[in-house]
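**Q** Got a structure for you, questions after.
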Amino acid sequence: MASEIGLALATGILGGGVYALMAAGLTLVFGVLDIINVAQGILVVLGAYLSYVLSVHLHIDLLVGLLITVPAMFVIGVVIYWLFIRPLRGAERTSMTLLACFAVALIIEGILYREFGSNYVSLNAWYTTASLHVIDFYLPDIYLIGFGLAIATVIALYLILYQTKFGRAVRATMQNQTAARLVGIDTNRVAALTFGIGTGVTAVGGMVYGAISGGFTPNSGYDLISRLLAIVILAGMGSIGGAMAAAVFMTTVEAFVDIWQPDWSVVVFYLAMVIVLTVRPQGLFGRSAARAQ
């Protein structure tokens, strides 16, 4: 039992890092644009398929492939913003962006089905099957790599937001778009680049997800987005560090529940989301007041 508890604790923490990696872009986009990108799940899957193409057809290592997939996903994110998000205006913008993001998800899903079909595919490298022996259990190397990438991504986003001129423009846009425009900030450019960054991050999350999931299809995005939304809501919409903490907490609890009641472990994500929405609608780390427009 002690080994099971230790393994549950370790895999819960490391798995939380993987989910935080996938959720970081979602919470960043909400913080700047005030929209919920329901296409985030399929974008993660798209990132996984890009890694699959580079690995299987071009024989490029999964980690090295990130040097290609991250910029590619960044460009895709910028294009999605300019084509589907930027044209939306008026009082119904929030609801319309939800529909636009859902349309994007359907388009990408259709393209993936056309190109890859409905069969499961997986990502393979030497570190996807290797493991580290810790006391009396084994930790998969890919989980350790994923957690390290999650930490690096959160630090990189923090440095961008708080140590660069672009980051100051992003934070000004988050606080008050009208005031940001009045001081000369091109809020459309900031929003486009932010959406691109949030999408680029999914390339990293997609690679790790594809390596640990055991297999994925174009349909995998639906389960992902439900879990990612639960994490972001628990953390507080717009809180990147909070997303990391919330993901670790939820996956750790899920891992412990799985020891005694495996059939109920998946409920943890959604039960936590309902409780937080009831008790603290802004989330554990989120802001309580709406941003000025």
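Numbering starts fresh at 1 for the residues of each chain in the structure tokens, the chains themselves are lettered A, B, ... in the order given, and ligands are numbered from 1 as they appear.
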Report the residues of region 51-271 of chain A whose backbone DSSP state falls under helix (DSSP H, G or I), written as a ChimeraX atom specification.
**A** /A:51-57,62-85,93-116,126-129,141-163,165-175,177-182,187-212,218-235,240-260,262-264,267-271
**Q** At a cut-off of 8 Å, can you tabulate as JSON lines every residue of region 77-166 of chain A near region 45-54 of chain A together with its closest atom pair and the distance in Å to one decimal, using only C-alpha atoms and ordering rows by chain then number?
**A**
```
{"residue": "A:Ile108", "atom": "CA", "partner": "A:Leu46", "partner_atom": "CA", "distance": 7.7}
{"residue": "A:Leu112", "atom": "CA", "partner": "A:Leu46", "partner_atom": "CA", "distance": 7.7}
{"residue": "A:Ser122", "atom": "CA", "partner": "A:Tyr52", "partner_atom": "CA", "distance": 7.3}
{"residue": "A:Leu123", "atom": "CA", "partner": "A:Tyr52", "partner_atom": "CA", "distance": 6.0}
```
**Q** Restricting the output to N, CA and C atoms, write the selected residues as a CSV table (one decimal), in the first residue's frame.
**A**
```
chain,number,residue,atom,x,y,z
A,108,ILE,N,-10.5,21.8,-37.8
A,108,ILE,CA,-9.3,21.1,-37.6
A,108,ILE,C,-9.5,19.6,-37.5
A,112,LEU,N,-8.0,16.6,-39.8
A,112,LEU,CA,-7.2,15.5,-39.2
A,112,LEU,C,-7.8,14.2,-39.6
A,122,SER,N,0.3,6.9,-32.0
A,122,SER,CA,1.0,7.2,-30.8
A,122,SER,C,2.4,7.7,-31.1
A,123,LEU,N,3.0,8.4,-30.2
A,123,LEU,CA,4.4,8.9,-30.4
A,123,LEU,C,5.4,8.1,-29.6
```
**Q** Within 9 Å of region 194-203 of chain A, counting only C-alpha atoms, which residues show up once you throw out same-chain ones fewer than 3 positions away? Write them as a PDB file with N, CA and C atoms, in the first residue's frame, please.
**A**
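This went into selection_24.pdb:
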```pdb
ATOM      1  N   LEU A  21       0.770  22.093 -18.683  1.00  0.00           N
ATOM      2  CA  LEU A  21       1.403  22.436 -19.955  1.00  0.00           C
ATOM      3  C   LEU A  21       0.353  22.665 -21.032  1.00  0.00           C
ATOM      4  N   MET A  22      -0.690  21.832 -21.031  1.00  0.00           N
ATOM      5  CA  MET A  22      -1.748  21.962 -22.031  1.00  0.00           C
ATOM      6  C   MET A  22      -2.707  23.099 -21.709  1.00  0.00           C
ATOM      7  N   ALA A  23      -2.855  23.430 -20.415  1.00  0.00           N
ATOM      8  CA  ALA A  23      -3.815  24.451 -19.999  1.00  0.00           C
ATOM      9  C   ALA A  23      -3.232  25.863 -20.005  1.00  0.00           C
ATOM     10  N   ALA A  24      -1.903  25.988 -20.041  1.00  0.00           N
ATOM     11  CA  ALA A  24      -1.272  27.309 -19.936  1.00  0.00           C
ATOM     12  C   ALA A  24      -1.740  28.245 -21.040  1.00  0.00           C
ATOM     13  N   GLY A  25      -1.789  27.756 -22.271  1.00  0.00           N
ATOM     14  CA  GLY A  25      -2.224  28.599 -23.379  1.00  0.00           C
ATOM     15  C   GLY A  25      -3.673  29.021 -23.253  1.00  0.00           C
ATOM     16  N   LEU A  26      -4.506  28.122 -22.742  1.00  0.00           N
ATOM     17  CA  LEU A  26      -5.930  28.425 -22.569  1.00  0.00           C
ATOM     18  C   LEU A  26      -6.135  29.573 -21.587  1.00  0.00           C
ATOM     19  N   THR A  27      -5.451  29.533 -20.455  1.00  0.00           N
ATOM     20  CA  THR A  27      -5.636  30.579 -19.453  1.00  0.00           C
ATOM     21  C   THR A  27      -4.972  31.886 -19.881  1.00  0.00           C
ATOM     22  N   LEU A  28      -3.874  31.811 -20.647  1.00  0.00           N
ATOM     23  CA  LEU A  28      -3.233  33.029 -21.151  1.00  0.00           C
ATOM     24  C   LEU A  28      -4.153  33.757 -22.126  1.00  0.00           C
ATOM     25  N   VAL A  29      -4.761  33.016 -23.040  1.00  0.00           N
ATOM     26  CA  VAL A  29      -5.662  33.617 -24.021  1.00  0.00           C
ATOM     27  C   VAL A  29      -6.859  34.253 -23.338  1.00  0.00           C
ATOM     28  N   VAL A  32      -6.031  37.719 -21.707  1.00  0.00           N
ATOM     29  CA  VAL A  32      -5.857  38.869 -22.596  1.00  0.00           C
ATOM     30  C   VAL A  32      -7.107  39.167 -23.406  1.00  0.00           C
ATOM     31  N   LEU A  33      -7.755  38.130 -23.931  1.00  0.00           N
ATOM     32  CA  LEU A  33      -8.852  38.334 -24.866  1.00  0.00           C
ATOM     33  C   LEU A  33     -10.233  38.186 -24.225  1.00  0.00           C
ATOM     34  N   GLN A  40      -8.964  24.594 -27.779  1.00  0.00           N
ATOM     35  CA  GLN A  40      -7.669  24.258 -27.192  1.00  0.00           C
ATOM     36  C   GLN A  40      -7.402  22.752 -27.223  1.00  0.00           C
ATOM     37  N   GLY A  41      -8.428  21.945 -26.959  1.00  0.00           N
ATOM     38  CA  GLY A  41      -8.243  20.500 -26.957  1.00  0.00           C
ATOM     39  C   GLY A  41      -7.783  19.970 -28.299  1.00  0.00           C
ATOM     40  N   LEU A  43      -6.388  21.686 -30.633  1.00  0.00           N
ATOM     41  CA  LEU A  43      -5.081  22.264 -30.956  1.00  0.00           C
ATOM     42  C   LEU A  43      -3.962  21.435 -30.309  1.00  0.00           C
ATOM     43  N   VAL A  44      -4.216  20.938 -29.108  1.00  0.00           N
ATOM     44  CA  VAL A  44      -3.247  20.034 -28.474  1.00  0.00           C
ATOM     45  C   VAL A  44      -3.076  18.782 -29.330  1.00  0.00           C
ATOM     46  N   VAL A  45      -4.198  18.233 -29.789  1.00  0.00           N
ATOM     47  CA  VAL A  45      -4.153  17.042 -30.641  1.00  0.00           C
ATOM     48  C   VAL A  45      -3.432  17.347 -31.956  1.00  0.00           C
ATOM     49  N   LEU A  46      -3.680  18.531 -32.512  1.00  0.00           N
ATOM     50  CA  LEU A  46      -2.978  18.933 -33.732  1.00  0.00           C
ATOM     51  C   LEU A  46      -1.475  18.980 -33.495  1.00  0.00           C
ATOM     52  N   GLY A  47      -1.064  19.523 -32.353  1.00  0.00           N
ATOM     53  CA  GLY A  47       0.353  19.538 -32.004  1.00  0.00           C
ATOM     54  C   GLY A  47       0.925  18.134 -31.919  1.00  0.00           C
ATOM     55  N   ALA A  48       0.135  17.200 -31.377  1.00  0.00           N
ATOM     56  CA  ALA A  48       0.574  15.806 -31.293  1.00  0.00           C
ATOM     57  C   ALA A  48       0.741  15.206 -32.682  1.00  0.00           C
ATOM     58  N   LEU A  50       1.399  16.845 -35.463  1.00  0.00           N
ATOM     59  CA  LEU A  50       2.579  17.438 -36.095  1.00  0.00           C
ATOM     60  C   LEU A  50       3.848  16.726 -35.626  1.00  0.00           C
ATOM     61  N   SER A  51       3.924  16.444 -34.332  1.00  0.00           N
ATOM     62  CA  SER A  51       5.071  15.687 -33.810  1.00  0.00           C
ATOM     63  C   SER A  51       5.120  14.292 -34.411  1.00  0.00           C
ATOM     64  N   LEU A  66      10.141  19.883 -31.528  1.00  0.00           N
ATOM     65  CA  LEU A  66       9.481  21.052 -30.943  1.00  0.00           C
ATOM     66  C   LEU A  66      10.020  22.357 -31.526  1.00  0.00           C
ATOM     67  N   THR A  69       7.583  22.462 -34.462  1.00  0.00           N
ATOM     68  CA  THR A  69       6.142  22.476 -34.189  1.00  0.00           C
ATOM     69  C   THR A  69       5.705  23.703 -33.393  1.00  0.00           C
ATOM     70  N   VAL A  70       6.537  24.185 -32.476  1.00  0.00           N
ATOM     71  CA  VAL A  70       6.148  25.369 -31.697  1.00  0.00           C
ATOM     72  C   VAL A  70       5.979  26.595 -32.591  1.00  0.00           C
ATOM     73  N   PRO A  71       6.966  26.942 -33.451  1.00  0.00           N
ATOM     74  CA  PRO A  71       6.747  28.073 -34.365  1.00  0.00           C
ATOM     75  C   PRO A  71       5.574  27.838 -35.314  1.00  0.00           C
ATOM     76  N   ALA A  72       5.401  26.595 -35.783  1.00  0.00           N
ATOM     77  CA  ALA A  72       4.302  26.297 -36.699  1.00  0.00           C
ATOM     78  C   ALA A  72       2.957  26.535 -36.021  1.00  0.00           C
ATOM     79  N   MET A  73       2.815  26.075 -34.784  1.00  0.00           N
ATOM     80  CA  MET A  73       1.565  26.274 -34.052  1.00  0.00           C
ATOM     81  C   MET A  73       1.353  27.743 -33.707  1.00  0.00           C
ATOM     82  N   PHE A  74       2.448  28.469 -33.463  1.00  0.00           N
ATOM     83  CA  PHE A  74       2.337  29.915 -33.225  1.00  0.00           C
ATOM     84  C   PHE A  74       1.721  30.613 -34.437  1.00  0.00           C
ATOM     85  N   VAL A  75       2.218  30.285 -35.616  1.00  0.00           N
ATOM     86  CA  VAL A  75       1.690  30.882 -36.851  1.00  0.00           C
ATOM     87  C   VAL A  75       0.222  30.496 -37.039  1.00  0.00           C
ATOM     88  N   ILE A  76      -0.106  29.240 -36.775  1.00  0.00           N
ATOM     89  CA  ILE A  76      -1.491  28.797 -36.888  1.00  0.00           C
ATOM     90  C   ILE A  76      -2.382  29.597 -35.942  1.00  0.00           C
ATOM     91  N   GLY A  77      -1.910  29.843 -34.724  1.00  0.00           N
ATOM     92  CA  GLY A  77      -2.681  30.617 -33.760  1.00  0.00           C
ATOM     93  C   GLY A  77      -2.929  32.038 -34.222  1.00  0.00           C
ATOM     94  N   VAL A  78      -1.903  32.683 -34.767  1.00  0.00           N
ATOM     95  CA  VAL A  78      -2.053  34.053 -35.273  1.00  0.00           C
ATOM     96  C   VAL A  78      -3.059  34.088 -36.422  1.00  0.00           C
ATOM     97  N   VAL A  79      -2.971  33.122 -37.323  1.00  0.00           N
ATOM     98  CA  VAL A  79      -3.910  33.054 -38.453  1.00  0.00           C
ATOM     99  C   VAL A  79      -5.338  32.847 -37.956  1.00  0.00           C
ATOM    100  N   ILE A  80      -5.523  31.959 -36.974  1.00  0.00           N
ATOM    101  CA  ILE A  80      -6.863  31.724 -36.411  1.00  0.00           C
ATOM    102  C   ILE A  80      -7.422  33.010 -35.827  1.00  0.00           C
ATOM    103  N   TYR A  81      -6.579  33.752 -35.107  1.00  0.00           N
ATOM    104  CA  TYR A  81      -7.057  34.999 -34.513  1.00  0.00           C
ATOM    105  C   TYR A  81      -7.512  35.978 -35.586  1.00  0.00           C
ATOM    106  N   THR A 153       7.995  26.088 -19.325  1.00  0.00           N
ATOM    107  CA  THR A 153       7.004  26.881 -20.047  1.00  0.00           C
ATOM    108  C   THR A 153       6.410  27.961 -19.153  1.00  0.00           C
ATOM    109  N   LEU A 157       6.730  31.932 -19.846  1.00  0.00           N
ATOM    110  CA  LEU A 157       5.574  32.823 -19.950  1.00  0.00           C
ATOM    111  C   LEU A 157       5.657  33.943 -18.918  1.00  0.00           C
ATOM    112  N   VAL A 170       0.899  43.452 -22.868  1.00  0.00           N
ATOM    113  CA  VAL A 170      -0.077  42.393 -22.606  1.00  0.00           C
ATOM    114  C   VAL A 170      -0.808  42.645 -21.300  1.00  0.00           C
ATOM    115  N   ARG A 189      -2.686  43.743 -32.306  1.00  0.00           N
ATOM    116  CA  ARG A 189      -1.404  43.057 -32.473  1.00  0.00           C
ATOM    117  C   ARG A 189      -1.071  42.263 -31.223  1.00  0.00           C
ATOM    118  N   VAL A 190      -1.282  42.862 -30.058  1.00  0.00           N
ATOM    119  CA  VAL A 190      -1.028  42.166 -28.795  1.00  0.00           C
ATOM    120  C   VAL A 190      -1.892  40.910 -28.689  1.00  0.00           C
ATOM    121  N   ALA A 191      -3.173  41.054 -29.034  1.00  0.00           N
ATOM    122  CA  ALA A 191      -4.087  39.915 -28.946  1.00  0.00           C
ATOM    123  C   ALA A 191      -3.680  38.807 -29.911  1.00  0.00           C
ATOM    124  N   GLY A 206       0.991  18.996 -26.718  1.00  0.00           N
ATOM    125  CA  GLY A 206       0.561  17.946 -27.626  1.00  0.00           C
ATOM    126  C   GLY A 206       1.592  16.843 -27.761  1.00  0.00           C
ATOM    127  N   MET A 207       2.858  17.211 -27.823  1.00  0.00           N
ATOM    128  CA  MET A 207       3.905  16.204 -27.926  1.00  0.00           C
ATOM    129  C   MET A 207       3.909  15.307 -26.700  1.00  0.00           C
ATOM    130  N   VAL A 208       3.859  15.926 -25.508  1.00  0.00           N
ATOM    131  CA  VAL A 208       3.883  15.130 -24.278  1.00  0.00           C
ATOM    132  C   VAL A 208       2.611  14.295 -24.164  1.00  0.00           C
TER     133      VAL A 208
END
```
**Q** Go through A:Ala192, A:Leu139, A:Leu67, A:Val268 and flag the residue nearest Ala8 (chain A), using only C-alpha atoms for the distances.
**A**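 Nearest to Ala8 (chain A): A:Leu139.
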**Q** Of the candidates A:Val56, A:Leu277, A:Met244, A:Leu9, which one gets nearest to Leu149 (chain A) if we count only C-alpha atoms?
**A**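 Selected residue with least distance to Leu149 (chain A): A:Met244.
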**Q** Give me the residues near Gly148 (chain A) as an MDAnalysis selection string, where near means some atom within 12 Å (using only C-alpha atoms) and where sequence neighbours in that chain fewer than 6 positions away do not count.
**A** chainID A and resid 13:18 20:21 141:142 154:155 204:205 208
**Q** By how many Å are CA of Ala10 (chain A) and CA of Thr252 (chain A) apart?
**A** 8.0 Å
**Q** When you look at Asp263 (chain A) with a cut-off of 12 Å (counting only C-alpha atoms), what residues show up, excluding the ones that are within fewer than 6 positions of it in the same chain? I need them as a ChimeraX atom specification.
**A** /A:254-255,257
**Q** How would the residues just picked look written out with C-alpha atoms as a CSV table (one decimal), in the first residue's frame?
**A**
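For reference, part_38.csv as written:
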```csv
chain,number,residue,atom,x,y,z
A,254,GLU,CA,-7.5,11.7,-9.0
A,255,ALA,CA,-4.5,9.4,-8.6
A,257,VAL,CA,-9.0,8.1,-5.7
```
**Q** If you count only C-alpha atoms, which residues fall within 9 Å of Ser226 (chain A), apart from same-chain ones fewer than 5 positions away, as a list in words?
**A**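 Close residues of Ser226 (chain A): Val38, Gly41, Gly221, Ile231, Phe269 and Tyr270 of chain A.
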